[in-house]
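Scroll down for the structure; my scribbles are underneath it.
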Amino acid sequence: EPYAGKHGVLIVPTCDQSHTDLYKAIEYLDGLGATEIAIVCALGGRVDHSLTNIRLLRYFYSKSRRIVLHTQIQTLVFVHNETVVFLGKKKDYCGVLAFPEEAFVTTKNLHYSCDHSRIQFAESDSVCNQMLGPEAEIEVEGEALVIMPRQVRRDSMQYRVNV
């Protein structure tokens, strides 16, 4: 049975040790019909856990229920044939990584522009890019991990499905 822990946090015990706590938490929230999941402070510490938590963005991906992962300075989101529009300030860092293998990327308002550029896993990702102004756009054809300045306000990020 769930119970309240410290600071009013709901604790949901489970004996299934074949999955990580984050995996079980996302499953639990999906079972409640969540329409958006924000994950906070799930990176850092052990590398195996950090990489697994990032991979869960793709594993649990659904256009009908968004999952965003917030670090102290950036937000990560997995997209599939979508455009992400996000806010920040000039020179804020962002990037897009092929996830898992390759994607085609078009960007707007970024220092290093892409125009239907092919990115490939560990060969030609777009990292260390910077925003030119308060809003930027990354269009992805295929599957990719988009890393942007931290988007903690719900209205700071928009998605469009690419046709």
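Convention: chains lettered A, B, ... in structure tokens order; per-chain residue numbering from 1; ligands numbered from 1 as shown.
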Contacts between range 40-63 of chain A and range 76-108 of chain A, please, where a residue of range 76-108 of chain A counts if it comes within 9 Å (with only C-alpha atoms); show its shortest atom pair and distance in Å to one decimal, rows by chain and ascending number, as a tab-separated table.
residue	atom	partner	partner_atom	distance
A:Leu76	CA	A:Ile54	CA	8.1
A:Val77	CA	A:Leu57	CA	6.8
A:Phe78	CA	A:Leu57	CA	5.8
A:Val79	CA	A:Tyr61	CA	7.9
A:His80	CA	A:Lys63	CA	8.4
A:Phe99	CA	A:Arg58	CA	8.1
A:Pro100	CA	A:Arg58	CA	8.8
Expected file contents, prior selection, N, CA, C and O atoms, as a short mmCIF file (atom, residue, chain, number, x, y, z; two decimals), in the first residue's frame:
data_model
loop_
_atom_site.label_atom_id
_atom_site.label_comp_id
_atom_site.auth_asym_id
_atom_site.auth_seq_id
_atom_site.Cartn_x
_atom_site.Cartn_y
_atom_site.Cartn_z
N LEU A 76 16.08 17.44 -20.99
CA LEU A 76 16.23 16.44 -22.04
C LEU A 76 14.86 15.90 -22.40
O LEU A 76 14.02 15.66 -21.52
N VAL A 77 14.65 15.68 -23.69
CA VAL A 77 13.40 15.10 -24.16
C VAL A 77 13.71 14.25 -25.40
O VAL A 77 14.55 14.60 -26.22
N PHE A 78 13.03 13.11 -25.50
CA PHE A 78 13.16 12.25 -26.67
C PHE A 78 12.05 12.63 -27.63
O PHE A 78 10.90 12.83 -27.23
N VAL A 79 12.37 12.75 -28.92
CA VAL A 79 11.37 13.07 -29.93
C VAL A 79 11.46 12.10 -31.10
O VAL A 79 12.53 11.54 -31.38
N HIS A 80 10.34 11.92 -31.76
CA HIS A 80 10.26 11.06 -32.94
C HIS A 80 9.40 11.77 -33.97
O HIS A 80 8.19 11.94 -33.77
N PHE A 99 19.31 9.11 -31.64
CA PHE A 99 18.95 8.24 -30.51
C PHE A 99 17.88 7.27 -30.96
O PHE A 99 16.72 7.63 -30.98
N PRO A 100 18.18 6.10 -31.49
CA PRO A 100 19.42 5.39 -31.26
C PRO A 100 20.47 5.51 -32.37
O PRO A 100 21.65 5.46 -32.08
#
Need the shell around Glu141 in chain A: protein/DNA/RNA residues with any atom at most 8 Å away, counting only C-alpha atoms. Skip same-chain ones fewer than 3 positions apart. Format as a list in words?
His80, Asn81, Glu82, Ala103, Phe104, Val105 and Asn162 of chain A
Just write the chosen residues, N, CA and C atoms, as a compact mmCIF listing (two decimals), in the first residue's frame.
# COMPACT_ATOMS: atom_id res chain seq x y z
N HIS A 80 10.34 11.92 -31.76
CA HIS A 80 10.26 11.06 -32.94
C HIS A 80 9.40 11.77 -33.97
N ASN A 81 10.02 12.22 -35.06
CA ASN A 81 9.33 12.95 -36.12
C ASN A 81 8.54 14.13 -35.55
N GLU A 82 9.24 14.97 -34.82
CA GLU A 82 8.60 16.12 -34.17
C GLU A 82 9.51 17.33 -34.23
N ALA A 103 19.20 10.45 -37.50
CA ALA A 103 18.04 11.32 -37.70
C ALA A 103 18.47 12.44 -38.63
N PHE A 104 17.48 13.17 -39.13
CA PHE A 104 17.74 14.36 -39.94
C PHE A 104 17.20 15.55 -39.17
N VAL A 105 18.02 16.59 -39.08
CA VAL A 105 17.72 17.71 -38.19
C VAL A 105 17.74 19.03 -38.95
N ASN A 162 5.70 16.36 -36.93
CA ASN A 162 6.08 16.56 -38.32
C ASN A 162 5.24 15.65 -39.20
Could you check which of A:Val68, A:Val140, A:Val161, A:Leu29 is closest to Glu102 in chain A, using only C-alpha atoms?
A:Val140
Can you check which residues of chain A DSSP gives as helix (DSSP H, G or I) on the backbone and send them as an NGL selection string?
:A and (6-8 or 21-31 or 47-59 or 154-156)
CA of Lys6 in chain A and CA of Arg150 in chain A, how far apart in Å?
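Between these atoms lies a distance of 26.5 Å.
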Counting only C-alpha atoms, the residue among A:Ala122, A:Gly8, A:Tyr112, A:Ile67 that lies closest to Glu36 in chain A is A:Ile67
Out of chain A, which residues get strand (DSSP E or B) from DSSP, as a VMD selection string?
chain A and resid 3 to 4 10 to 11 36 to 40 62 65 to 70 74 to 87 93 to 108 110 117 to 120 126 to 131 135 to 149 157 to 161
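Shortest atom-to-atom contact with Pro134 in chain A among A:Lys108, A:His19, A:His116, A:Lys24: A:Lys108, counting only C-alpha atoms.
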Excluding Thr107 in chain A and any residue of its chain fewer than 6 positions from it, enumerate the residues within 9 Å of it, using only C-alpha atoms, and give them as a list in words.
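Listing them by chain and then by number gives Ser113, Cys114, Asp115, His116, Ala136, Glu137, Ile138, Glu139 and Val140 of chain A.
You will find CA of Leu132 in chain A at 16.1 Å from CA of Val96 in chain A.
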So that I can check the surroundings of Leu97 in chain A, please list as a list in words every protein, DNA and RNA residue that reaches within 10 Å of it, counting only C-alpha atoms and ignoring chain neighbours fewer than 6 positions away.
Phe78, Ala103, Val105, Ile119, Gln120, Phe121, Ala122, Glu123, Ser124, Asp125, Ser126, Val127, Glu143, Ala144, Leu145, Val146 and Ile147 of chain A
Generate the output file for the selected residues, all heavy atoms, as a tab-separated table (two decimals), in the first residue's frame.
chain	number	residue	atom	x	y	z
A	78	PHE	N	13.03	13.11	-25.50
A	78	PHE	CA	13.16	12.25	-26.67
A	78	PHE	C	12.05	12.63	-27.63
A	78	PHE	O	10.90	12.83	-27.23
A	78	PHE	CB	13.03	10.78	-26.27
A	78	PHE	CG	13.00	9.85	-27.45
A	78	PHE	CD1	14.19	9.49	-28.08
A	78	PHE	CD2	11.81	9.37	-27.93
A	78	PHE	CE1	14.16	8.65	-29.18
A	78	PHE	CE2	11.77	8.52	-29.03
A	78	PHE	CZ	12.95	8.16	-29.66
A	103	ALA	N	19.20	10.45	-37.50
A	103	ALA	CA	18.04	11.32	-37.70
A	103	ALA	C	18.47	12.44	-38.63
A	103	ALA	O	19.66	12.64	-38.89
A	103	ALA	CB	17.56	11.88	-36.36
A	105	VAL	N	18.02	16.59	-39.08
A	105	VAL	CA	17.72	17.71	-38.19
A	105	VAL	C	17.74	19.03	-38.95
A	105	VAL	O	18.64	19.28	-39.76
A	105	VAL	CB	18.75	17.76	-37.04
A	105	VAL	CG1	18.50	18.96	-36.14
A	105	VAL	CG2	18.71	16.48	-36.23
A	119	ILE	N	22.39	13.31	-38.76
A	119	ILE	CA	23.21	13.05	-37.59
A	119	ILE	C	23.20	11.54	-37.36
A	119	ILE	O	22.22	10.87	-37.64
A	119	ILE	CB	22.74	13.82	-36.33
A	119	ILE	CG1	21.30	13.46	-35.95
A	119	ILE	CG2	22.90	15.32	-36.53
A	119	ILE	CD1	20.85	14.05	-34.62
A	120	GLN	N	24.33	11.03	-36.87
A	120	GLN	CA	24.47	9.60	-36.63
A	120	GLN	C	25.04	9.38	-35.24
A	120	GLN	O	25.88	10.16	-34.78
A	120	GLN	CB	25.41	8.96	-37.64
A	120	GLN	CG	24.86	8.91	-39.04
A	120	GLN	CD	25.87	8.26	-39.96
A	120	GLN	OE1	26.81	8.91	-40.41
A	120	GLN	NE2	25.69	6.97	-40.21
A	121	PHE	N	24.62	8.29	-34.62
A	121	PHE	CA	25.08	7.94	-33.29
A	121	PHE	C	26.61	7.97	-33.21
A	121	PHE	O	27.28	7.28	-33.96
A	121	PHE	CB	24.55	6.56	-32.90
A	121	PHE	CG	24.97	6.12	-31.53
A	121	PHE	CD1	24.31	6.60	-30.42
A	121	PHE	CD2	26.02	5.25	-31.36
A	121	PHE	CE1	24.70	6.21	-29.15
A	121	PHE	CE2	26.42	4.85	-30.09
A	121	PHE	CZ	25.76	5.34	-28.98
A	122	ALA	N	27.12	8.80	-32.31
A	122	ALA	CA	28.55	8.91	-31.99
A	122	ALA	C	29.44	9.35	-33.15
A	122	ALA	O	30.64	9.38	-33.01
A	122	ALA	CB	29.07	7.60	-31.40
A	123	GLU	N	28.86	9.70	-34.30
A	123	GLU	CA	29.66	10.15	-35.43
A	123	GLU	C	29.45	11.61	-35.76
A	123	GLU	O	30.39	12.34	-35.99
A	123	GLU	CB	29.35	9.31	-36.68
A	123	GLU	CG	30.08	8.01	-36.73
A	123	GLU	CD	29.89	7.31	-38.05
A	123	GLU	OE1	29.90	7.98	-39.10
A	123	GLU	OE2	29.72	6.08	-38.04
A	124	SER	N	28.19	12.02	-35.82
A	124	SER	CA	27.90	13.38	-36.29
A	124	SER	C	26.71	13.98	-35.55
A	124	SER	O	25.81	14.51	-36.16
A	124	SER	CB	27.64	13.37	-37.79
A	124	SER	OG	26.56	12.50	-38.08
A	125	ASP	N	26.71	13.88	-34.24
A	125	ASP	CA	25.66	14.52	-33.46
A	125	ASP	C	25.88	16.02	-33.45
A	125	ASP	O	26.94	16.52	-33.83
A	125	ASP	CB	25.69	14.00	-32.01
A	125	ASP	CG	25.32	12.53	-31.92
A	125	ASP	OD1	24.31	12.14	-32.53
A	125	ASP	OD2	26.04	11.78	-31.24
A	126	SER	N	24.88	16.76	-33.03
A	126	SER	CA	24.99	18.22	-32.93
A	126	SER	C	25.09	18.57	-31.45
A	126	SER	O	24.09	18.60	-30.74
A	126	SER	CB	23.76	18.88	-33.56
A	126	SER	OG	23.79	20.27	-33.33
A	127	VAL	N	26.30	18.83	-30.98
A	127	VAL	CA	26.52	19.16	-29.57
A	127	VAL	C	27.16	20.55	-29.48
A	127	VAL	O	27.71	21.06	-30.45
A	127	VAL	CB	27.38	18.12	-28.84
A	127	VAL	CG1	26.69	16.77	-28.81
A	127	VAL	CG2	28.74	17.97	-29.50
A	143	GLU	N	14.49	9.68	-34.90
A	143	GLU	CA	14.48	9.66	-33.44
A	143	GLU	C	15.73	10.34	-32.90
A	143	GLU	O	16.84	10.07	-33.37
A	143	GLU	CB	14.44	8.22	-32.92
A	143	GLU	CG	13.19	7.48	-33.34
A	143	GLU	CD	13.16	6.05	-32.83
A	143	GLU	OE1	14.24	5.44	-32.71
A	143	GLU	OE2	12.07	5.56	-32.54
A	144	ALA	N	15.54	11.21	-31.91
A	144	ALA	CA	16.68	11.94	-31.35
A	144	ALA	C	16.41	12.35	-29.91
A	144	ALA	O	15.26	12.46	-29.48
A	144	ALA	CB	16.99	13.17	-32.20
A	145	LEU	N	17.49	12.60	-29.21
A	145	LEU	CA	17.44	13.16	-27.87
A	145	LEU	C	17.77	14.64	-28.01
A	145	LEU	O	18.84	15.00	-28.52
A	145	LEU	CB	18.46	12.47	-26.97
A	145	LEU	CG	18.50	12.92	-25.52
A	145	LEU	CD1	17.22	12.48	-24.80
A	145	LEU	CD2	19.72	12.36	-24.82
A	146	VAL	N	16.85	15.50	-27.59
A	146	VAL	CA	17.07	16.94	-27.66
A	146	VAL	C	17.44	17.43	-26.26
A	146	VAL	O	16.76	17.11	-25.28
A	146	VAL	CB	15.82	17.68	-28.17
A	146	VAL	CG1	16.02	19.19	-28.14
A	146	VAL	CG2	15.47	17.21	-29.59
A	147	ILE	N	18.53	18.17	-26.19
A	147	ILE	CA	19.02	18.72	-24.93
A	147	ILE	C	18.98	20.24	-25.06
A	147	ILE	O	19.53	20.80	-26.01
A	147	ILE	CB	20.46	18.25	-24.65
A	147	ILE	CG1	20.51	16.72	-24.65
A	147	ILE	CG2	20.97	18.82	-23.33
A	147	ILE	CD1	21.91	16.15	-24.69
